[in-house]
Amino acid sequence: MLYRLLADLTAGAHFLFVGYVVFGGFLAWRWPRTIWPHLAAFAWGFSTILFGFECPLTNLENWARHRAGDPGLPSTGFIAHYITGVLYPSGAVDLVRVLVAVCVLISWAGLAVRGRRAVRA
């Protein structure tokens, strides 16, 4: 029971992390200092896609699920298991990646514009 709870909490944290990677730049519009953890989160998330780094949250969830006697995530990982095919069609992975990058870039551009306006004021 405890391992299953740990696996579920890890999956929840993973969802929050993915959301932060996508939308965290917009939080920096209100709290500019949060741009630094967002940059780190984006760099990590981007690296897992670009270089195939293993995510420690995926490993933790798999470990907890196995300890609970449940099957772990498939080798394709967290996003492919929980998000792809659920929130968007499997054939749209590349489009979604581009849209995520555009969303992040818009958040950063908006932060830069807001920062310039604050300096002028």
# chains A, B, ... in the order shown; residues from 1 in each chain; ligands from 1
>>> select_by_dssp(residues="stretch 21-73 of chain A", states="alpha helix (DSSP H)", output="ChimeraX atom specification")
/A:21-30,35-50,56-67
>>> residues_around(residues="stretch 41-44 of chain A", least_positions_apart="4", cutoff="7 Å", atoms="only C-alpha atoms", output="JSON, numbers by chain")
{"A": [21, 37, 48]}
>>> closest_residue(among="A:Ile79, A:Leu87, A:Leu16, A:Ala92", to="A:Cys55", atoms="only C-alpha atoms")
A:Ile79
>>> residues_around(residues="A:Ile35", least_positions_apart="4", cutoff="10 Å", atoms="only C-alpha atoms", output="JSON list (two decimals) with all heavy atoms, in the first residue's frame")
[["chain", "number", "residue", "atom", "x", "y", "z"],
["A", 24, "GLY", "N", 5.94, 27.28, -16.64],
["A", 24, "GLY", "CA", 6.66, 27.96, -15.57],
["A", 24, "GLY", "C", 7.20, 29.32, -15.94],
["A", 24, "GLY", "O", 7.33, 30.20, -15.08],
["A", 25, "GLY", "N", 7.49, 29.54, -17.21],
["A", 25, "GLY", "CA", 7.96, 30.85, -17.64],
["A", 25, "GLY", "C", 6.93, 31.93, -17.40],
["A", 25, "GLY", "O", 7.27, 33.09, -17.14],
["A", 26, "PHE", "N", 5.66, 31.56, -17.47],
["A", 26, "PHE", "CA", 4.60, 32.54, -17.21],
["A", 26, "PHE", "C", 4.54, 32.91, -15.72],
["A", 26, "PHE", "O", 4.16, 34.03, -15.38],
["A", 26, "PHE", "CB", 3.25, 32.03, -17.70],
["A", 26, "PHE", "CG", 3.18, 31.89, -19.20],
["A", 26, "PHE", "CD1", 3.24, 30.64, -19.79],
["A", 26, "PHE", "CD2", 3.10, 33.02, -20.01],
["A", 26, "PHE", "CE1", 3.18, 30.52, -21.17],
["A", 26, "PHE", "CE2", 3.05, 32.90, -21.39],
["A", 26, "PHE", "CZ", 3.10, 31.65, -21.98],
["A", 27, "LEU", "N", 4.91, 31.99, -14.85],
["A", 27, "LEU", "CA", 4.99, 32.31, -13.42],
["A", 27, "LEU", "C", 6.03, 33.40, -13.17],
["A", 27, "LEU", "O", 5.88, 34.22, -12.27],
["A", 27, "LEU", "CB", 5.33, 31.08, -12.59],
["A", 27, "LEU", "CG", 4.27, 30.01, -12.44],
["A", 27, "LEU", "CD1", 4.82, 28.82, -11.68],
["A", 27, "LEU", "CD2", 3.05, 30.57, -11.74],
["A", 28, "ALA", "N", 7.07, 33.37, -13.98],
["A", 28, "ALA", "CA", 8.14, 34.37, -13.83],
["A", 28, "ALA", "C", 7.67, 35.77, -14.19],
["A", 28, "ALA", "O", 8.31, 36.75, -13.82],
["A", 28, "ALA", "CB", 9.36, 33.97, -14.67],
["A", 29, "TRP", "N", 6.58, 35.89, -14.90],
["A", 29, "TRP", "CA", 6.03, 37.22, -15.17],
["A", 29, "TRP", "C", 5.60, 37.88, -13.86],
["A", 29, "TRP", "O", 5.76, 39.08, -13.69],
["A", 29, "TRP", "CB", 4.82, 37.14, -16.09],
["A", 29, "TRP", "CG", 5.12, 36.75, -17.50],
["A", 29, "TRP", "CD1", 6.25, 36.13, -17.97],
["A", 29, "TRP", "CD2", 4.27, 36.91, -18.62],
["A", 29, "TRP", "NE1", 6.14, 35.91, -19.31],
["A", 29, "TRP", "CE2", 4.94, 36.38, -19.75],
["A", 29, "TRP", "CE3", 3.00, 37.44, -18.79],
["A", 29, "TRP", "CZ2", 4.38, 36.38, -21.02],
["A", 29, "TRP", "CZ3", 2.44, 37.43, -20.06],
["A", 29, "TRP", "CH2", 3.13, 36.92, -21.16],
["A", 31, "TRP", "N", 6.56, 36.48, -10.67],
["A", 31, "TRP", "CA", 7.67, 36.31, -9.74],
["A", 31, "TRP", "C", 8.95, 36.08, -10.55],
["A", 31, "TRP", "O", 9.33, 34.93, -10.82],
["A", 31, "TRP", "CB", 7.42, 35.12, -8.81],
["A", 31, "TRP", "CG", 6.19, 35.30, -7.97],
["A", 31, "TRP", "CD1", 6.04, 36.14, -6.91],
["A", 31, "TRP", "CD2", 4.95, 34.62, -8.13],
["A", 31, "TRP", "NE1", 4.79, 36.03, -6.40],
["A", 31, "TRP", "CE2", 4.08, 35.11, -7.13],
["A", 31, "TRP", "CE3", 4.47, 33.66, -9.01],
["A", 31, "TRP", "CZ2", 2.77, 34.66, -6.99],
["A", 31, "TRP", "CZ3", 3.17, 33.21, -8.88],
["A", 31, "TRP", "CH2", 2.34, 33.72, -7.87],
["A", 39, "LEU", "N", 14.35, 27.72, -15.91],
["A", 39, "LEU", "CA", 15.40, 27.43, -16.89],
["A", 39, "LEU", "C", 16.03, 26.07, -16.62],
["A", 39, "LEU", "O", 16.28, 25.30, -17.57],
["A", 39, "LEU", "CB", 16.47, 28.53, -16.88],
["A", 39, "LEU", "CG", 16.05, 29.87, -17.46],
["A", 39, "LEU", "CD1", 17.12, 30.93, -17.17],
["A", 39, "LEU", "CD2", 15.79, 29.77, -18.95],
["A", 40, "ALA", "N", 16.27, 25.77, -15.36],
["A", 40, "ALA", "CA", 16.85, 24.46, -15.01],
["A", 40, "ALA", "C", 15.88, 23.33, -15.36],
["A", 40, "ALA", "O", 16.28, 22.30, -15.92],
["A", 40, "ALA", "CB", 17.21, 24.42, -13.53],
["A", 41, "ALA", "N", 14.60, 23.52, -15.04],
["A", 41, "ALA", "CA", 13.60, 22.49, -15.35],
["A", 41, "ALA", "C", 13.47, 22.30, -16.86],
["A", 41, "ALA", "O", 13.40, 21.17, -17.34],
["A", 41, "ALA", "CB", 12.24, 22.88, -14.75],
["A", 107, "SER", "N", 6.71, 32.67, -23.28],
["A", 107, "SER", "CA", 6.79, 33.07, -21.87],
["A", 107, "SER", "C", 8.09, 33.82, -21.60],
["A", 107, "SER", "O", 8.09, 34.80, -20.86],
["A", 107, "SER", "CB", 6.64, 31.85, -20.95],
["A", 107, "SER", "OG", 7.79, 31.03, -20.94],
["A", 108, "TRP", "N", 9.19, 33.36, -22.19],
["A", 108, "TRP", "CA", 10.46, 34.04, -21.98],
["A", 108, "TRP", "C", 10.47, 35.41, -22.65],
["A", 108, "TRP", "O", 10.98, 36.38, -22.09],
["A", 108, "TRP", "CB", 11.61, 33.20, -22.51],
["A", 108, "TRP", "CG", 11.86, 31.94, -21.74],
["A", 108, "TRP", "CD1", 11.32, 31.59, -20.53],
["A", 108, "TRP", "CD2", 12.70, 30.87, -22.13],
["A", 108, "TRP", "NE1", 11.79, 30.36, -20.15],
["A", 108, "TRP", "CE2", 12.63, 29.89, -21.10],
["A", 108, "TRP", "CE3", 13.49, 30.62, -23.24],
["A", 108, "TRP", "CZ2", 13.34, 28.69, -21.17],
["A", 108, "TRP", "CZ3", 14.19, 29.43, -23.30],
["A", 108, "TRP", "CH2", 14.13, 28.49, -22.27],
["A", 111, "LEU", "N", 8.50, 37.76, -20.57],
["A", 111, "LEU", "CA", 9.26, 38.15, -19.39],
["A", 111, "LEU", "C", 10.28, 39.23, -19.74],
["A", 111, "LEU", "O", 10.44, 40.21, -19.00],
["A", 111, "LEU", "CB", 9.97, 36.94, -18.78],
["A", 111, "LEU", "CG", 10.80, 37.21, -17.52],
["A", 111, "LEU", "CD1", 9.92, 37.71, -16.38],
["A", 111, "LEU", "CD2", 11.55, 35.96, -17.12]]
>>> closest_residue(among="A:Arg30, A:Phe78, A:Glu54, A:Arg65", to="A:Ala13", atoms="only C-alpha atoms")
A:Phe78
>>> atom_distance(atom1="atom CA of A:His81", atom2="atom CA of A:Asp8")
13.9 Å
>>> decode(residues="stretch 34-79 of chain A", atoms="N, CA and C atoms", output="JSON list (two decimals), in the first residue's frame")
[["chain", "number", "residue", "atom", "x", "y", "z"],
["A", 34, "THR", "N", 11.68, 33.28, -10.27],
["A", 34, "THR", "CA", 11.38, 31.89, -10.58],
["A", 34, "THR", "C", 11.85, 31.49, -11.98],
["A", 35, "ILE", "N", 12.39, 32.44, -12.73],
["A", 35, "ILE", "CA", 12.90, 32.09, -14.06],
["A", 35, "ILE", "C", 14.08, 31.13, -13.95],
["A", 36, "TRP", "N", 14.88, 31.25, -12.91],
["A", 36, "TRP", "CA", 16.06, 30.38, -12.78],
["A", 36, "TRP", "C", 15.70, 28.92, -12.57],
["A", 37, "PRO", "N", 14.79, 28.60, -11.64],
["A", 37, "PRO", "CA", 14.40, 27.19, -11.56],
["A", 37, "PRO", "C", 13.66, 26.72, -12.82],
["A", 38, "HIS", "N", 12.95, 27.64, -13.47],
["A", 38, "HIS", "CA", 12.28, 27.25, -14.71],
["A", 38, "HIS", "C", 13.31, 26.93, -15.80],
["A", 39, "LEU", "N", 14.35, 27.72, -15.91],
["A", 39, "LEU", "CA", 15.40, 27.43, -16.89],
["A", 39, "LEU", "C", 16.03, 26.07, -16.62],
["A", 40, "ALA", "N", 16.27, 25.77, -15.36],
["A", 40, "ALA", "CA", 16.85, 24.46, -15.01],
["A", 40, "ALA", "C", 15.88, 23.33, -15.36],
["A", 41, "ALA", "N", 14.60, 23.52, -15.04],
["A", 41, "ALA", "CA", 13.60, 22.49, -15.35],
["A", 41, "ALA", "C", 13.47, 22.30, -16.86],
["A", 42, "PHE", "N", 13.45, 23.40, -17.59],
["A", 42, "PHE", "CA", 13.36, 23.29, -19.05],
["A", 42, "PHE", "C", 14.60, 22.59, -19.61],
["A", 43, "ALA", "N", 15.78, 22.96, -19.12],
["A", 43, "ALA", "CA", 17.01, 22.33, -19.60],
["A", 43, "ALA", "C", 16.97, 20.83, -19.35],
["A", 44, "TRP", "N", 16.51, 20.44, -18.18],
["A", 44, "TRP", "CA", 16.44, 19.01, -17.87],
["A", 44, "TRP", "C", 15.41, 18.32, -18.77],
["A", 45, "GLY", "N", 14.21, 18.89, -18.87],
["A", 45, "GLY", "CA", 13.18, 18.29, -19.70],
["A", 45, "GLY", "C", 13.59, 18.18, -21.16],
["A", 46, "PHE", "N", 14.22, 19.23, -21.66],
["A", 46, "PHE", "CA", 14.69, 19.24, -23.04],
["A", 46, "PHE", "C", 15.80, 18.20, -23.24],
["A", 47, "SER", "N", 16.66, 18.07, -22.25],
["A", 47, "SER", "CA", 17.76, 17.10, -22.33],
["A", 47, "SER", "C", 17.26, 15.67, -22.35],
["A", 48, "THR", "N", 16.18, 15.39, -21.63],
["A", 48, "THR", "CA", 15.66, 14.03, -21.64],
["A", 48, "THR", "C", 15.15, 13.66, -23.02],
["A", 49, "ILE", "N", 14.65, 14.65, -23.76],
["A", 49, "ILE", "CA", 14.17, 14.39, -25.12],
["A", 49, "ILE", "C", 15.33, 14.36, -26.10],
["A", 50, "LEU", "N", 16.19, 15.36, -26.00],
["A", 50, "LEU", "CA", 17.28, 15.51, -26.97],
["A", 50, "LEU", "C", 18.36, 14.45, -26.81],
["A", 51, "PHE", "N", 18.76, 14.18, -25.57],
["A", 51, "PHE", "CA", 19.87, 13.27, -25.32],
["A", 51, "PHE", "C", 19.44, 11.92, -24.75],
["A", 52, "GLY", "N", 18.16, 11.78, -24.42],
["A", 52, "GLY", "CA", 17.66, 10.52, -23.88],
["A", 52, "GLY", "C", 18.06, 10.25, -22.45],
["A", 53, "PHE", "N", 18.33, 11.32, -21.67],
["A", 53, "PHE", "CA", 18.65, 11.12, -20.25],
["A", 53, "PHE", "C", 17.48, 10.44, -19.57],
["A", 54, "GLU", "N", 17.79, 9.59, -18.60],
["A", 54, "GLU", "CA", 16.74, 8.95, -17.81],
["A", 54, "GLU", "C", 16.26, 9.92, -16.74],
["A", 55, "CYS", "N", 14.96, 9.92, -16.53],
["A", 55, "CYS", "CA", 14.38, 10.80, -15.52],
["A", 55, "CYS", "C", 14.33, 10.07, -14.18],
["A", 56, "PRO", "N", 14.85, 10.69, -13.13],
["A", 56, "PRO", "CA", 14.81, 10.03, -11.82],
["A", 56, "PRO", "C", 13.38, 9.82, -11.31],
["A", 57, "LEU", "N", 12.44, 10.66, -11.71],
["A", 57, "LEU", "CA", 11.06, 10.45, -11.28],
["A", 57, "LEU", "C", 10.48, 9.19, -11.92],
["A", 58, "THR", "N", 10.81, 8.94, -13.17],
["A", 58, "THR", "CA", 10.37, 7.71, -13.83],
["A", 58, "THR", "C", 10.96, 6.50, -13.12],
["A", 59, "ASN", "N", 12.24, 6.58, -12.80],
["A", 59, "ASN", "CA", 12.90, 5.48, -12.10],
["A", 59, "ASN", "C", 12.28, 5.24, -10.73],
["A", 60, "LEU", "N", 11.99, 6.31, -10.01],
["A", 60, "LEU", "CA", 11.37, 6.18, -8.69],
["A", 60, "LEU", "C", 9.98, 5.56, -8.80],
["A", 61, "GLU", "N", 9.20, 6.03, -9.77],
["A", 61, "GLU", "CA", 7.86, 5.46, -9.93],
["A", 61, "GLU", "C", 7.93, 3.97, -10.29],
["A", 62, "ASN", "N", 8.84, 3.62, -11.19],
["A", 62, "ASN", "CA", 9.00, 2.21, -11.55],
["A", 62, "ASN", "C", 9.40, 1.37, -10.34],
["A", 63, "TRP", "N", 10.35, 1.86, -9.57],
["A", 63, "TRP", "CA", 10.80, 1.14, -8.38],
["A", 63, "TRP", "C", 9.64, 0.92, -7.42],
["A", 64, "ALA", "N", 8.86, 1.97, -7.16],
["A", 64, "ALA", "CA", 7.74, 1.86, -6.22],
["A", 64, "ALA", "C", 6.65, 0.94, -6.76],
["A", 65, "ARG", "N", 6.38, 1.03, -8.04],
["A", 65, "ARG", "CA", 5.34, 0.15, -8.62],
["A", 65, "ARG", "C", 5.77, -1.31, -8.55],
["A", 66, "HIS", "N", 7.02, -1.59, -8.84],
["A", 66, "HIS", "CA", 7.51, -2.97, -8.75],
["A", 66, "HIS", "C", 7.44, -3.47, -7.30],
["A", 67, "ARG", "N", 7.81, -2.63, -6.35],
["A", 67, "ARG", "CA", 7.74, -3.01, -4.93],
["A", 67, "ARG", "C", 6.31, -3.28, -4.49],
["A", 68, "ALA", "N", 5.35, -2.56, -5.13],
["A", 68, "ALA", "CA", 3.94, -2.76, -4.80],
["A", 68, "ALA", "C", 3.35, -3.97, -5.52],
["A", 69, "GLY", "N", 4.17, -4.60, -6.38],
["A", 69, "GLY", "CA", 3.69, -5.75, -7.12],
["A", 69, "GLY", "C", 2.97, -5.38, -8.42],
["A", 70, "ASP", "N", 3.06, -4.13, -8.82],
["A", 70, "ASP", "CA", 2.43, -3.65, -10.05],
["A", 70, "ASP", "C", 3.47, -3.58, -11.17],
["A", 71, "PRO", "N", 2.99, -3.61, -12.41],
["A", 71, "PRO", "CA", 3.95, -3.42, -13.50],
["A", 71, "PRO", "C", 4.44, -1.97, -13.52],
["A", 72, "GLY", "N", 5.67, -1.79, -13.93],
["A", 72, "GLY", "CA", 6.21, -0.44, -14.05],
["A", 72, "GLY", "C", 5.75, 0.22, -15.33],
["A", 73, "LEU", "N", 6.26, 1.39, -15.57],
["A", 73, "LEU", "CA", 5.96, 2.10, -16.81],
["A", 73, "LEU", "C", 6.61, 1.35, -17.97],
["A", 74, "PRO", "N", 6.03, 1.47, -19.16],
["A", 74, "PRO", "CA", 6.70, 0.87, -20.31],
["A", 74, "PRO", "C", 8.02, 1.58, -20.59],
["A", 75, "SER", "N", 8.86, 0.95, -21.39],
["A", 75, "SER", "CA", 10.19, 1.51, -21.67],
["A", 75, "SER", "C", 10.11, 2.87, -22.35],
["A", 76, "THR", "N", 8.95, 3.20, -22.92],
["A", 76, "THR", "CA", 8.80, 4.50, -23.58],
["A", 76, "THR", "C", 8.70, 5.65, -22.59],
["A", 77, "GLY", "N", 8.42, 5.36, -21.33],
["A", 77, "GLY", "CA", 8.49, 6.37, -20.28],
["A", 77, "GLY", "C", 7.17, 7.01, -19.90],
["A", 78, "PHE", "N", 7.29, 7.99, -19.02],
["A", 78, "PHE", "CA", 6.15, 8.66, -18.39],
["A", 78, "PHE", "C", 5.26, 9.36, -19.40],
["A", 79, "ILE", "N", 5.83, 10.23, -20.22],
["A", 79, "ILE", "CA", 5.02, 11.03, -21.14],
["A", 79, "ILE", "C", 4.30, 10.13, -22.13]]
